[in-house]
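Coordinates as given in structure.txt (compact mmCIF, C-alpha atoms):
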```
# COMPACT_ATOMS: atom_id res chain seq x y z
CA MET A 215 43.33 45.69 106.16
CA LEU A 216 46.09 43.35 105.05
CA PRO A 217 48.96 45.85 104.83
CA ARG A 218 51.14 44.30 102.15
CA GLN A 219 48.30 43.52 99.76
CA THR A 220 46.73 46.91 100.31
CA LEU A 221 50.02 48.69 99.69
CA GLU A 222 50.65 46.68 96.54
CA HIS A 223 47.32 47.84 95.17
CA PHE A 224 48.04 51.38 96.31
CA ASP A 225 51.42 51.21 94.56
CA ASP A 226 49.59 50.41 91.31
CA PHE A 227 47.12 53.20 92.04
CA LEU A 228 49.86 55.78 92.55
CA GLU A 229 51.84 54.68 89.52
CA ALA A 230 48.79 54.94 87.29
CA ARG A 231 48.41 58.56 88.40
CA GLY A 232 52.06 59.50 88.06
CA LEU A 233 52.45 59.94 91.81
CA ARG A 234 55.21 58.76 94.12
CA LEU A 235 55.67 58.45 97.87
CA ASP A 236 58.82 57.72 99.83
CA ALA A 237 58.03 57.56 103.52
CA ILE A 238 58.82 56.08 106.90
CA VAL A 239 56.11 53.85 108.33
CA VAL A 240 55.68 52.82 111.96
CA GLY A 241 53.06 50.98 114.00
CA GLY A 242 51.37 47.70 113.34
CA SER A 243 51.72 47.92 109.57
CA ALA A 244 55.47 48.33 109.91
CA LEU A 245 55.66 45.18 112.03
CA VAL A 246 53.71 43.28 109.41
CA LEU A 247 55.86 44.52 106.55
CA ILE A 248 59.10 43.44 108.21
CA GLY A 249 57.65 40.09 109.20
CA ILE A 250 57.44 40.44 112.97
CA VAL A 251 53.68 39.92 113.09
CA ASP A 252 51.08 38.72 110.63
CA ARG A 253 47.72 40.32 111.25
CA PRO A 254 45.31 42.79 109.71
CA THR A 255 45.75 46.40 110.71
CA ARG A 256 43.42 49.32 110.56
CA ASP A 257 45.72 51.84 108.97
CA VAL A 258 49.24 52.72 107.84
CA ASP A 259 50.93 55.19 110.15
CA ILE A 260 53.43 57.47 108.40
CA LEU A 261 56.06 59.00 110.66
CA HIS A 262 57.71 61.08 107.96
CA PRO A 263 57.14 63.10 105.81
CA ASP A 264 53.91 64.98 106.23
CA LEU A 265 51.73 63.52 103.49
CA PRO A 266 51.50 65.89 100.51
CA SER A 267 47.95 66.86 99.62
CA GLN A 268 48.11 64.95 96.33
CA ILE A 269 49.00 61.75 98.16
CA ALA A 270 46.35 62.34 100.82
CA ASP A 271 43.76 62.86 98.09
CA ALA A 272 44.94 59.76 96.27
CA SER A 273 44.71 57.68 99.45
CA ARG A 274 41.10 58.75 99.97
CA ALA A 275 40.22 58.01 96.36
CA PHE A 276 41.88 54.63 96.75
CA ALA A 277 39.85 53.91 99.87
CA LEU A 278 36.67 54.76 98.00
CA GLU A 279 37.63 52.39 95.20
CA MET A 280 38.32 49.63 97.71
CA ARG A 281 34.94 50.14 99.34
CA ARG A 282 33.26 49.91 95.95
CA ARG A 283 34.90 46.50 95.61
CA GLY A 284 33.45 45.47 98.95
CA ILE A 285 36.65 45.91 100.95
CA GLU A 286 36.17 48.19 103.93
CA LEU A 287 38.94 50.78 104.09
CA ALA A 288 38.63 54.07 105.93
CA ASP A 289 39.44 57.36 104.22
CA THR A 290 42.15 57.95 106.81
CA TRP A 291 43.84 54.59 106.32
CA LEU A 292 47.08 56.35 105.35
CA ASN A 293 47.81 59.00 107.95
CA ASN A 294 50.39 61.05 109.80
CA GLY A 295 48.98 60.17 113.21
CA PRO A 296 52.33 59.40 114.87
CA SER A 297 54.38 62.19 113.25
CA SER A 298 55.08 63.87 116.60
CA LEU A 299 56.96 60.74 117.64
CA SER A 300 59.85 61.80 115.42
CA LYS A 301 60.75 64.51 117.94
CA LEU A 302 60.94 62.02 120.79
CA LEU A 303 62.97 59.24 119.22
CA PRO A 304 66.63 58.84 120.11
CA ASP A 305 69.00 60.95 118.03
CA GLY A 306 70.14 59.49 114.79
CA TRP A 307 67.01 57.40 114.19
CA ARG A 308 66.95 58.44 110.55
CA HIS A 309 70.25 56.70 109.99
CA ARG A 310 69.02 53.44 111.45
CA THR A 311 65.94 52.86 109.30
CA GLN A 312 65.34 49.56 107.48
CA PRO A 313 63.47 48.66 104.28
CA ALA A 314 59.80 47.80 104.65
CA PHE A 315 58.13 47.97 101.22
CA PHE A 316 59.59 48.53 97.81
CA GLY A 317 57.15 49.24 94.99
CA ARG A 318 57.35 51.14 91.73
CA ALA A 319 55.77 54.32 93.08
CA LEU A 320 55.66 53.59 96.79
CA VAL A 321 58.81 53.03 98.84
CA LEU A 322 58.55 52.63 102.58
CA GLU A 323 61.14 52.28 105.26
CA THR A 324 60.60 51.79 108.95
CA LEU A 325 62.58 52.44 112.09
CA GLY A 326 65.53 50.31 112.98
CA ARG A 327 64.82 47.41 115.33
CA ALA A 328 65.91 49.14 118.51
CA ASP A 329 63.92 52.30 117.76
CA LEU A 330 60.83 50.34 116.68
CA LEU A 331 60.99 48.28 119.86
CA LYS A 332 61.08 51.46 121.93
CA THR A 333 57.90 52.74 120.30
CA LYS A 334 56.15 49.46 120.97
CA LEU A 335 57.32 49.32 124.55
CA PHE A 336 56.08 52.85 125.08
CA ALA A 337 52.65 51.88 123.68
CA LEU A 338 52.61 48.85 125.98
CA CYS A 339 53.39 50.93 129.05
CA ASP A 340 51.16 53.82 128.02
CA ARG A 341 47.95 52.00 127.14
CA GLY A 342 48.49 48.38 128.08
CA THR A 343 47.89 47.34 124.51
CA ASP A 344 50.49 45.90 122.13
CA LEU A 345 51.54 43.07 124.42
CA ALA A 346 51.16 40.55 121.61
CA ASP A 347 53.28 42.70 119.30
CA CYS A 348 55.97 43.10 121.93
CA ILE A 349 56.09 39.35 122.51
CA ALA A 350 56.30 38.76 118.77
CA PHE A 351 59.34 41.04 118.72
CA SER A 352 61.14 38.47 120.89
CA PRO A 353 63.32 41.13 122.43
CA THR A 354 66.43 39.97 124.20
CA ALA A 355 67.14 40.91 127.78
CA GLU A 356 69.82 43.26 126.50
CA GLU A 357 67.42 44.99 124.10
CA LEU A 358 64.88 45.51 126.89
CA GLU A 359 67.55 46.84 129.21
CA GLU A 360 68.74 49.25 126.53
CA ALA A 361 65.18 50.45 125.81
CA MET A 362 63.99 50.92 129.38
CA PRO A 363 65.66 54.28 130.16
CA TRP A 364 64.16 55.89 127.06
CA VAL A 365 60.69 54.56 127.82
CA ALA A 366 61.00 55.68 131.45
CA LEU A 367 61.50 59.27 130.28
CA GLN A 368 58.35 59.46 128.19
CA ASP A 369 55.89 60.45 130.91
CA ALA A 370 56.23 62.92 133.78
CA ASN A 371 54.06 60.93 136.18
CA LYS A 372 56.22 60.15 139.20
CA LEU A 373 55.00 56.57 139.26
CA TRP A 374 55.73 56.09 135.56
CA PRO A 375 59.31 54.74 135.88
CA SER A 376 58.20 52.10 138.38
CA HIS A 377 55.29 51.19 136.10
CA VAL A 378 57.67 50.87 133.15
CA GLU A 379 59.94 48.59 135.13
CA LYS A 380 57.06 46.31 136.15
CA THR A 381 55.55 46.22 132.68
CA ILE A 382 58.80 45.46 130.91
CA GLY A 383 59.65 42.93 133.61
CA ASP A 384 56.35 41.16 132.95
CA LEU A 385 57.10 41.20 129.22
CA GLN A 386 60.53 39.72 129.81
CA ARG A 387 59.07 36.87 131.81
CA ARG A 388 56.56 36.14 129.05
CA VAL A 389 59.22 36.22 126.35
CA ARG A 390 61.35 33.83 128.39
CA HIS A 391 58.19 31.68 128.83
CA ASP A 392 58.46 32.04 132.58
CA VAL A 393 54.75 32.87 132.55
CA MET B 167 34.19 43.20 112.42
CA ASN B 168 35.81 45.75 110.22
CA LEU B 169 39.28 44.39 109.55
CA ALA B 170 39.20 45.23 105.85
CA VAL B 171 39.56 41.65 104.76
CA GLU B 172 37.14 39.46 102.86
CA PRO B 173 34.24 38.88 105.23
CA ASP B 174 33.18 35.40 106.30
CA VAL B 175 29.51 35.72 105.47
CA GLU B 176 28.65 32.40 107.06
CA ALA B 177 30.57 32.83 110.30
CA PRO B 178 28.64 31.38 113.25
CA ILE B 179 27.96 34.45 115.35
CA GLU B 180 28.12 33.20 118.92
CA GLU B 181 31.11 30.92 118.38
CA THR B 182 32.96 33.82 116.80
CA LEU B 183 32.14 36.08 119.73
CA LEU B 184 33.28 33.48 122.24
CA HIS B 185 36.51 32.90 120.39
CA ALA B 186 37.21 36.62 120.28
CA SER B 187 36.67 36.93 124.02
CA GLU B 188 39.02 34.01 124.59
CA VAL B 189 41.70 35.54 122.36
CA GLY B 190 41.32 38.84 124.16
CA MET B 191 41.13 37.68 127.75
CA ASP B 192 43.39 34.63 127.71
CA THR B 193 46.08 35.53 125.16
CA GLY B 194 46.09 39.28 125.76
CA ASP B 195 45.13 40.42 122.26
CA LEU B 196 43.42 43.60 123.35
CA ARG B 197 42.86 44.73 119.78
CA VAL B 198 40.49 41.84 119.23
CA LEU B 199 38.86 42.44 122.60
CA ALA B 200 38.38 46.13 121.76
CA ILE B 201 36.68 45.31 118.48
CA LEU B 202 34.54 42.64 120.14
CA THR B 203 33.43 45.09 122.79
CA THR B 204 32.55 47.74 120.24
CA TRP B 205 30.70 45.14 118.19
CA LEU B 206 28.63 44.06 121.18
CA GLY B 207 27.75 47.65 121.90
CA VAL B 208 26.31 47.99 118.40
CA HIS B 209 24.86 44.54 117.74
CA HIS B 210 24.07 42.89 121.09
CA ALA B 211 20.32 42.92 120.38
CA HIS B 212 20.86 40.43 117.56
CA VAL B 213 22.94 37.97 119.54
CA ASN B 214 21.28 34.70 120.49
CA ALA B 215 21.68 35.08 124.24
CA ASP B 216 20.73 31.47 125.03
CA VAL B 217 23.53 30.16 122.85
CA ILE B 218 26.28 32.49 124.04
CA VAL B 219 25.30 31.98 127.69
CA ARG B 220 25.55 28.20 127.23
CA LEU B 221 28.92 28.50 125.47
CA VAL B 222 30.40 30.73 128.17
CA ALA B 223 29.00 28.59 131.00
CA ILE B 224 30.97 25.56 129.82
CA HIS B 225 34.12 27.50 128.97
CA PRO B 226 37.01 26.70 131.31
CA SER B 227 38.41 30.23 131.57
CA ASN B 228 37.47 32.35 134.56
CA ARG B 229 38.70 35.45 132.72
CA VAL B 230 36.34 34.77 129.83
CA LYS B 231 33.46 34.40 132.28
CA ALA B 232 34.49 37.65 133.97
CA TYR B 233 34.46 39.46 130.63
CA TRP B 234 30.96 38.36 129.76
CA ALA B 235 29.70 39.11 133.26
CA ALA B 236 31.11 42.62 132.86
CA VAL B 237 29.46 42.96 129.45
CA ALA B 238 26.13 41.95 130.98
CA GLN B 239 26.56 44.60 133.67
CA TRP B 240 27.47 47.23 131.07
CA LEU B 241 24.52 46.32 128.83
CA GLY B 242 22.19 45.96 131.77
CA LYS B 243 19.10 46.93 129.78
CA ASP B 244 19.47 43.74 127.75
CA ARG B 245 18.08 41.47 130.44
CA ARG B 246 18.81 38.37 128.35
CA LEU B 247 22.48 38.74 129.26
CA ALA B 248 21.89 38.88 133.02
CA ARG B 249 22.63 35.16 133.35
CA PHE B 250 26.31 35.93 132.70
CA ILE B 251 26.46 37.83 135.99
CA ALA B 252 25.35 34.81 137.97
CA GLY B 253 27.91 32.72 136.11
CA PHE B 254 30.85 34.60 137.62
CA ASP B 255 30.87 35.39 141.32
CA GLY B 256 34.55 36.07 141.94
CA PRO B 257 36.21 39.41 142.68
CA ALA B 258 36.68 41.88 139.85
CA VAL B 259 39.38 40.84 137.40
CA ASP B 260 42.06 43.17 136.08
CA LEU B 261 42.14 43.29 132.30
CA LEU B 262 45.89 44.04 132.19
CA PRO B 263 48.48 41.61 133.55
CA VAL B 264 50.25 44.50 135.28
CA GLY B 265 49.61 48.17 135.87
CA THR B 266 45.81 48.31 136.11
CA ASP B 267 45.87 50.36 139.32
CA PHE B 268 48.42 52.77 137.82
CA GLN B 269 46.52 53.17 134.57
CA ILE B 270 43.18 53.71 136.30
CA ALA B 271 44.73 56.30 138.62
CA ARG B 272 46.28 57.97 135.56
CA ARG B 273 43.39 57.87 133.09
CA GLY B 274 40.33 56.68 134.93
CA GLU B 275 38.22 53.68 134.07
CA ASP B 276 36.60 52.72 130.82
CA GLU B 277 33.06 54.03 131.32
CA ARG B 278 31.55 50.88 129.90
CA PHE B 279 33.15 48.73 132.57
CA ARG B 280 33.00 51.02 135.58
CA GLU B 281 31.84 49.07 138.62
CA THR B 282 31.68 45.78 136.72
CA ARG B 283 33.47 42.46 137.16
CA LEU B 284 36.28 43.66 134.88
CA ARG B 285 38.62 46.56 135.68
CA VAL B 286 39.54 48.30 132.45
CA PRO B 287 41.58 51.51 132.27
CA ALA B 288 40.25 54.20 129.99
CA GLY B 289 41.83 54.10 126.55
CA THR B 290 42.96 50.49 126.76
CA LEU B 291 40.02 49.14 124.75
CA ARG B 292 39.58 51.62 121.95
CA ASP B 293 35.96 52.23 121.08
CA ARG B 294 35.82 53.15 117.40
CA PRO B 295 32.49 52.57 115.64
CA GLU B 296 34.28 52.42 112.29
CA ASP B 297 36.04 49.25 113.47
CA VAL B 298 32.81 47.30 113.13
CA LEU B 299 30.31 46.95 110.35
CA SER B 300 27.09 48.90 110.76
CA PRO B 301 23.82 46.99 111.13
CA VAL B 302 22.97 47.91 107.53
CA ALA B 303 26.25 46.53 106.22
CA LEU B 304 25.94 43.37 108.28
CA VAL B 305 22.37 42.77 107.13
CA ARG B 306 23.63 42.97 103.56
CA GLN B 307 26.55 40.63 104.12
CA HIS B 308 25.50 38.03 106.67
CA ARG B 309 22.48 35.85 106.04
CA GLY B 310 22.14 34.73 109.64
CA TYR B 311 22.26 38.29 110.96
CA ARG B 312 19.69 39.43 108.43
CA ASN B 313 17.27 36.70 109.42
CA ARG B 314 17.73 37.55 113.09
CA VAL B 315 16.80 41.15 112.32
CA LEU B 316 13.69 39.83 110.56
CA MET B 317 12.64 37.23 113.09
CA GLY B 318 14.53 38.08 116.27
CA PRO B 319 17.70 36.37 117.53
CA THR B 320 15.94 33.05 117.90
CA PRO B 321 16.49 29.45 116.86
CA ARG B 322 13.75 29.96 114.26
CA ALA B 323 15.88 32.55 112.48
CA ASP B 324 18.93 30.27 112.59
CA VAL B 325 17.00 27.29 111.23
CA TRP B 326 15.71 29.54 108.46
CA SER B 327 19.28 30.53 107.62
CA GLU B 328 20.36 26.91 107.47
CA LEU B 329 17.49 26.06 105.13
CA GLU B 330 18.26 29.02 102.90
CA ARG B 331 21.80 27.74 102.71
CA ASP B 332 20.65 24.20 101.91
CA PRO B 333 16.94 23.71 101.24
CA THR B 334 17.43 19.94 101.18
CA LEU B 335 18.75 19.89 104.74
CA LYS B 336 17.09 17.37 107.03
CA VAL B 337 15.26 18.90 109.95
CA ALA B 338 17.38 17.01 112.47
CA GLU B 339 20.55 18.44 110.96
CA ALA B 340 19.06 21.92 110.84
CA ALA B 341 18.24 21.56 114.54
CA ARG B 342 21.78 20.49 115.29
CA ARG B 343 23.33 23.38 113.37
CA ALA B 344 20.91 25.90 114.86
CA ARG B 345 21.47 24.40 118.32
CA CYS B 346 17.78 24.00 119.08
CA ALA B 347 15.20 21.32 119.75
CA PHE B 348 13.93 19.18 116.90
CA SER B 349 10.38 20.42 117.44
CA THR B 350 11.51 24.06 117.09
CA ALA B 351 13.38 23.25 113.88
CA TRP B 352 10.41 21.27 112.60
CA GLU B 353 8.00 24.20 113.02
CA ALA B 354 10.45 26.58 111.35
CA ALA B 355 11.00 24.14 108.49
CA GLN B 356 7.27 23.79 107.93
CA SER B 357 6.91 27.55 107.65
CA TYR B 358 9.93 27.80 105.38
CA ARG B 359 8.64 25.11 103.03
CA LEU B 360 5.13 26.55 103.00
CA LEU B 361 6.40 29.94 101.93
CA HIS B 362 8.68 28.51 99.29
CA THR B 363 5.98 26.25 97.91
CA ALA B 364 3.67 29.26 97.61
CA ASP B 365 6.39 31.33 96.01
CA ALA B 366 7.12 28.56 93.51
CA LEU B 367 3.56 28.43 92.20
CA PRO B 368 3.05 30.06 88.79
CA PRO B 369 0.85 33.17 88.85
CA GLY B 370 -2.86 32.37 88.95
CA ARG B 371 -2.31 28.82 90.10
CA VAL B 372 -4.39 28.14 93.17
CA LEU B 373 -4.32 25.23 95.53
CA THR B 374 -7.66 24.33 97.08
CA VAL B 375 -8.58 21.93 99.81
CA GLU B 376 -11.40 19.60 98.61
CA PRO B 377 -14.37 18.90 100.86
CA GLN B 378 -13.98 16.28 103.54
CA GLN B 379 -14.07 12.68 102.24
CA PRO B 380 -16.15 9.89 103.92
CA PRO B 381 -15.00 9.03 107.42
CA HIS B 382 -12.87 6.09 106.24
CA SER B 383 -10.76 8.58 104.30
CA SER B 384 -10.42 11.48 106.69
CA ARG B 385 -7.44 13.29 105.18
CA PRO B 386 -8.61 16.14 102.90
CA ARG B 387 -7.28 15.97 99.38
CA VAL B 388 -5.62 18.95 97.80
CA SER B 389 -5.88 19.60 94.12
CA GLY B 390 -4.66 22.37 91.95
CA HIS B 391 -6.47 24.31 89.32
CA SER B 392 -6.12 27.52 87.46
CA ALA B 393 -7.75 30.51 89.02
CA SER B 394 -9.95 30.90 85.89
CA ARG B 395 -12.00 27.68 86.64
```

Output the file's structure in the form of structure tokens.
Amino acid sequence: MLPRQTLEHFDDFLEARGLRLDAIVVGGSALVLIGIVDRPTRDVDILHPDLPSQIADASRAFALEMRRRGIELADTWLNNGPSSLSKLLPDGWRHRTQPAFFGRALVLETLGRADLLKTKLFALCDRGTDLADCIAFSPTAEELEEAMPWVALQDANKLWPSHVEKTIGDLQRRVRHDV
Amino acid sequence: MNLAVEPDVEAPIEETLLHASEVGMDTGDLRVLAILTTWLGVHHAHVNADVIVRLVAIHPSNRVKAYWAAVAQWLGKDRRLARFIAGFDGPAVDLLPVGTDFQIARRGEDERFRETRLRVPAGTLRDRPEDVLSPVALVRQHRGYRNRVLMGPTPRADVWSELERDPTLKVAEAARRARCAFSTAWEAAQSYRLLHTADALPPGRVLTVEPQQPPHSSRPRVSGHSASR
């Protein structure tokens, strides 16, 4: 899925049905919308709010329409998968959001840069994926240093903090082109 | 692969697979590698093993070779891929640049790659069937794939696809594009043209082979007549 194009069509779809959604998006789609990466994504992860049933129904109907046009789009392309993340983010994250997509019926914000970076660093340390996204972020040494304590708290495994330090250290070398 | 973009219905299959493995193993794009791995799990029977083995053998990256060796070990029942294993004889390679030991201790190994040439923590390469097109969808969209389902993943199928794309294609060029010997392309082209000649005949029109001419003219002559004669 190409996030911006898909959301533009979905904006039309919602407007035609008299529906509206204001939400906070995270994940790969958020990075695409704010220009950090340029790649297809599988879905649009909504952090907040919980999607109302009308919007969830509309998103499934939209996916069906896309598939009829020959564009593969899963029914769950718009989802609340990461909603539990909102409880883990540093305090005040809601006041640091930034614009991501502004349509007539669909308005999306995403996390502020520092908060978004933290979520990506956590994904990198947790699964080993997202390295390309983290590199595309071009985080400064100061940003990585600021993020590390939060990431180090996200897992109770006693080896986790050391793993976080090594992983972020490797990222820093790659960003500085030392590797 | 199911990225919800306009599909490239003429994409060369093996070159695309190789490129994806390179992007995944050498530039660290594990999303692409995850989709590639899922795709191979679904579609490996329709991959032209001779072509992909040749492409990997001449690739400079040891990590790419390790990936394909691991795939061959995972898909061990597909004996066509066994040549990848011989093509990489080094120690097992860690998929992640850092943290493989930690992640494997924490989550275990990806079952597909357990005891293979590639150490992959569980959960690092997501395996989601919906990320790739089903065989039915691919048959509908990709000419080359469809012909491989019909005829097997062979040069004959690929020559056929090239001729369907351009019936005027010279045999030598079809052989080059299908990466096979001229003689193989020639035989496939003869079959292709025979079928399309037969299909082009109007109903009831029959071609007969006349009796043998005197020895000085040994080639039988073919004439056409309506079936009612």

- prompt: In terms of the shortest atom-to-atom distance over only C-alpha atoms, which of B:Thr350, B:Gln356, B:Thr320, B:Gln307 is closest to chain A?
  reply: B:Gln307

field: A:Arg256, A:His309, A:Arg387, A:His262 ranked by distance to chain B, top pick (using all atoms listed in the file)
entry: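 Residue with the minimum atom-to-atom distance to chain B: A:Arg256.
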
query: Within 6 Å of chain B, which residues of chain A show up when using all atoms listed in the file, listed as number ranges by chain?
result: A: 215, 285-287, 341, 343

Got a sec: who's within 9 Å of segment 372-374 of chain A, counting only C-alpha atoms, leaving out chain neighbours fewer than 5 positions off, as a PDB file with C-alpha atoms, in the frame of the given file?
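The new file part-v5.pdb reads:
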```
ATOM      1  CA  CYS A 339      53.390  50.930 129.050  1.00  0.00           C
ATOM      2  CA  ALA A 366      61.000  55.680 131.450  1.00  0.00           C
ATOM      3  CA  LEU A 367      61.500  59.270 130.280  1.00  0.00           C
ATOM      4  CA  GLU A 379      59.940  48.590 135.130  1.00  0.00           C
TER       5      GLU A 379
ATOM      6  CA  PHE B 268      48.420  52.770 137.820  1.00  0.00           C
TER       7      PHE B 268
END
```

Distance criterion (all atoms listed in the file): nearest to Ser297 of chain A out of A:Ile260, A:Leu221, A:Leu345, A:Leu216: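 Nearest candidate to Ser297 of chain A out of A:Ile260, A:Leu221, A:Leu345, A:Leu216: A:Ile260.
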
message: As an exercise, work out the distance from atom CA of Asn371 of chain A to atom CA of Arg280 of chain B in Å and give it to one decimal place.
response: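 Between atom CA of Asn371 of chain A and atom CA of Arg280 of chain B the gap is 23.3 Å.
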
- request: Just give me the gap between atom CA of Leu199 of chain B and atom CA of Phe250 of chain B in Å, one decimal is fine.
  value: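 Computing the Euclidean distance for atom CA of Leu199 of chain B and atom CA of Phe250 of chain B yields 17.4 Å.
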
query: So how many Å separate atom CA of Leu235 of chain A and atom CA of Leu292 of chain A, to one decimal?
result: 11.6 Å

message: What's around Gly326 of chain A at 8 Å? Count all atoms listed in the file, leave out sequence neighbours fewer than 6 positions away in its own chain, and write the answer as a PyMOL selection string.
response: chain A and resi 307+310-312

statement: Of A:Ala355, A:Leu299, A:Leu278, A:Leu335, the one nearest to Arg390 of chain A when counting only C-alpha atoms is A:Ala355

- prompt: Any idea what's packed within 12 Å of Val302 of chain B, counting all atoms listed in the file, ignoring anything in its chain fewer than 3 positions away? Could you give it as a ChimeraX atom specification?
  reply: /B:208-209,298-299,305-308,311-312,315

message: Please determine, counting all atoms listed in the file, which residue among A:Pro304, A:Gly284, A:Gly241, A:Gly317 has the shortest atom-to-atom distance to Gln219 of chain A.
response: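 Distance minimum relative to Gln219 of chain A lands on A:Gly317.
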
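Proximity of B:Asn313, B:Ser349, B:Ser187, B:Asn214 to Asn228 of chain B, computed with all atoms listed in the file, is greatest for B:Ser187.
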
Quick one: residues within 12 Å of Glu188 of chain B, only C-alpha atoms counted, chain neighbours fewer than 5 positions away excluded, as a tab-separated table (two decimals) with C-alpha atoms, in the frame of the given file?
```tsv
chain	number	residue	atom	x	y	z
B	181	GLU	CA	31.11	30.92	118.38
B	182	THR	CA	32.96	33.82	116.80
B	183	LEU	CA	32.14	36.08	119.73
B	193	THR	CA	46.08	35.53	125.16
B	194	GLY	CA	46.09	39.28	125.76
B	195	ASP	CA	45.13	40.42	122.26
B	196	LEU	CA	43.42	43.60	123.35
B	198	VAL	CA	40.49	41.84	119.23
B	199	LEU	CA	38.86	42.44	122.60
B	202	LEU	CA	34.54	42.64	120.14
B	221	LEU	CA	28.92	28.50	125.47
B	222	VAL	CA	30.40	30.73	128.17
B	225	HIS	CA	34.12	27.50	128.97
B	226	PRO	CA	37.01	26.70	131.31
B	227	SER	CA	38.41	30.23	131.57
B	228	ASN	CA	37.47	32.35	134.56
B	229	ARG	CA	38.70	35.45	132.72
B	230	VAL	CA	36.34	34.77	129.83
B	231	LYS	CA	33.46	34.40	132.28
B	232	ALA	CA	34.49	37.65	133.97
B	233	TYR	CA	34.46	39.46	130.63
B	234	TRP	CA	30.96	38.36	129.76
```

Selection near Asp226 of chain A, 8 Å with only C-alpha atoms, sequence-local residues under 3 positions removed, as a PDB file with C-alpha atoms, in the coordinates of the input:
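Produced file part.pdb, reproduced below:
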```pdb
ATOM      1  CA  GLU A 222      50.650  46.680  96.540  1.00  0.00           C
ATOM      2  CA  HIS A 223      47.320  47.840  95.170  1.00  0.00           C
ATOM      3  CA  GLU A 229      51.840  54.680  89.520  1.00  0.00           C
ATOM      4  CA  ALA A 230      48.790  54.940  87.290  1.00  0.00           C
ATOM      5  CA  ARG A 318      57.350  51.140  91.730  1.00  0.00           C
ATOM      6  CA  ALA A 319      55.770  54.320  93.080  1.00  0.00           C
TER       7      ALA A 319
END
```

What box, with edges along x, y and z, holds each listed atom of segment 177-180 of chain B when 3 Å is added on every side, and can you state its centre and edge lengths in Å to one decimal, as lines of an AutoDock Vina configuration file?
```
center_x = 29.3
center_y = 32.9
center_z = 114.6
size_x = 8.6
size_y = 9.1
size_z = 14.6
```
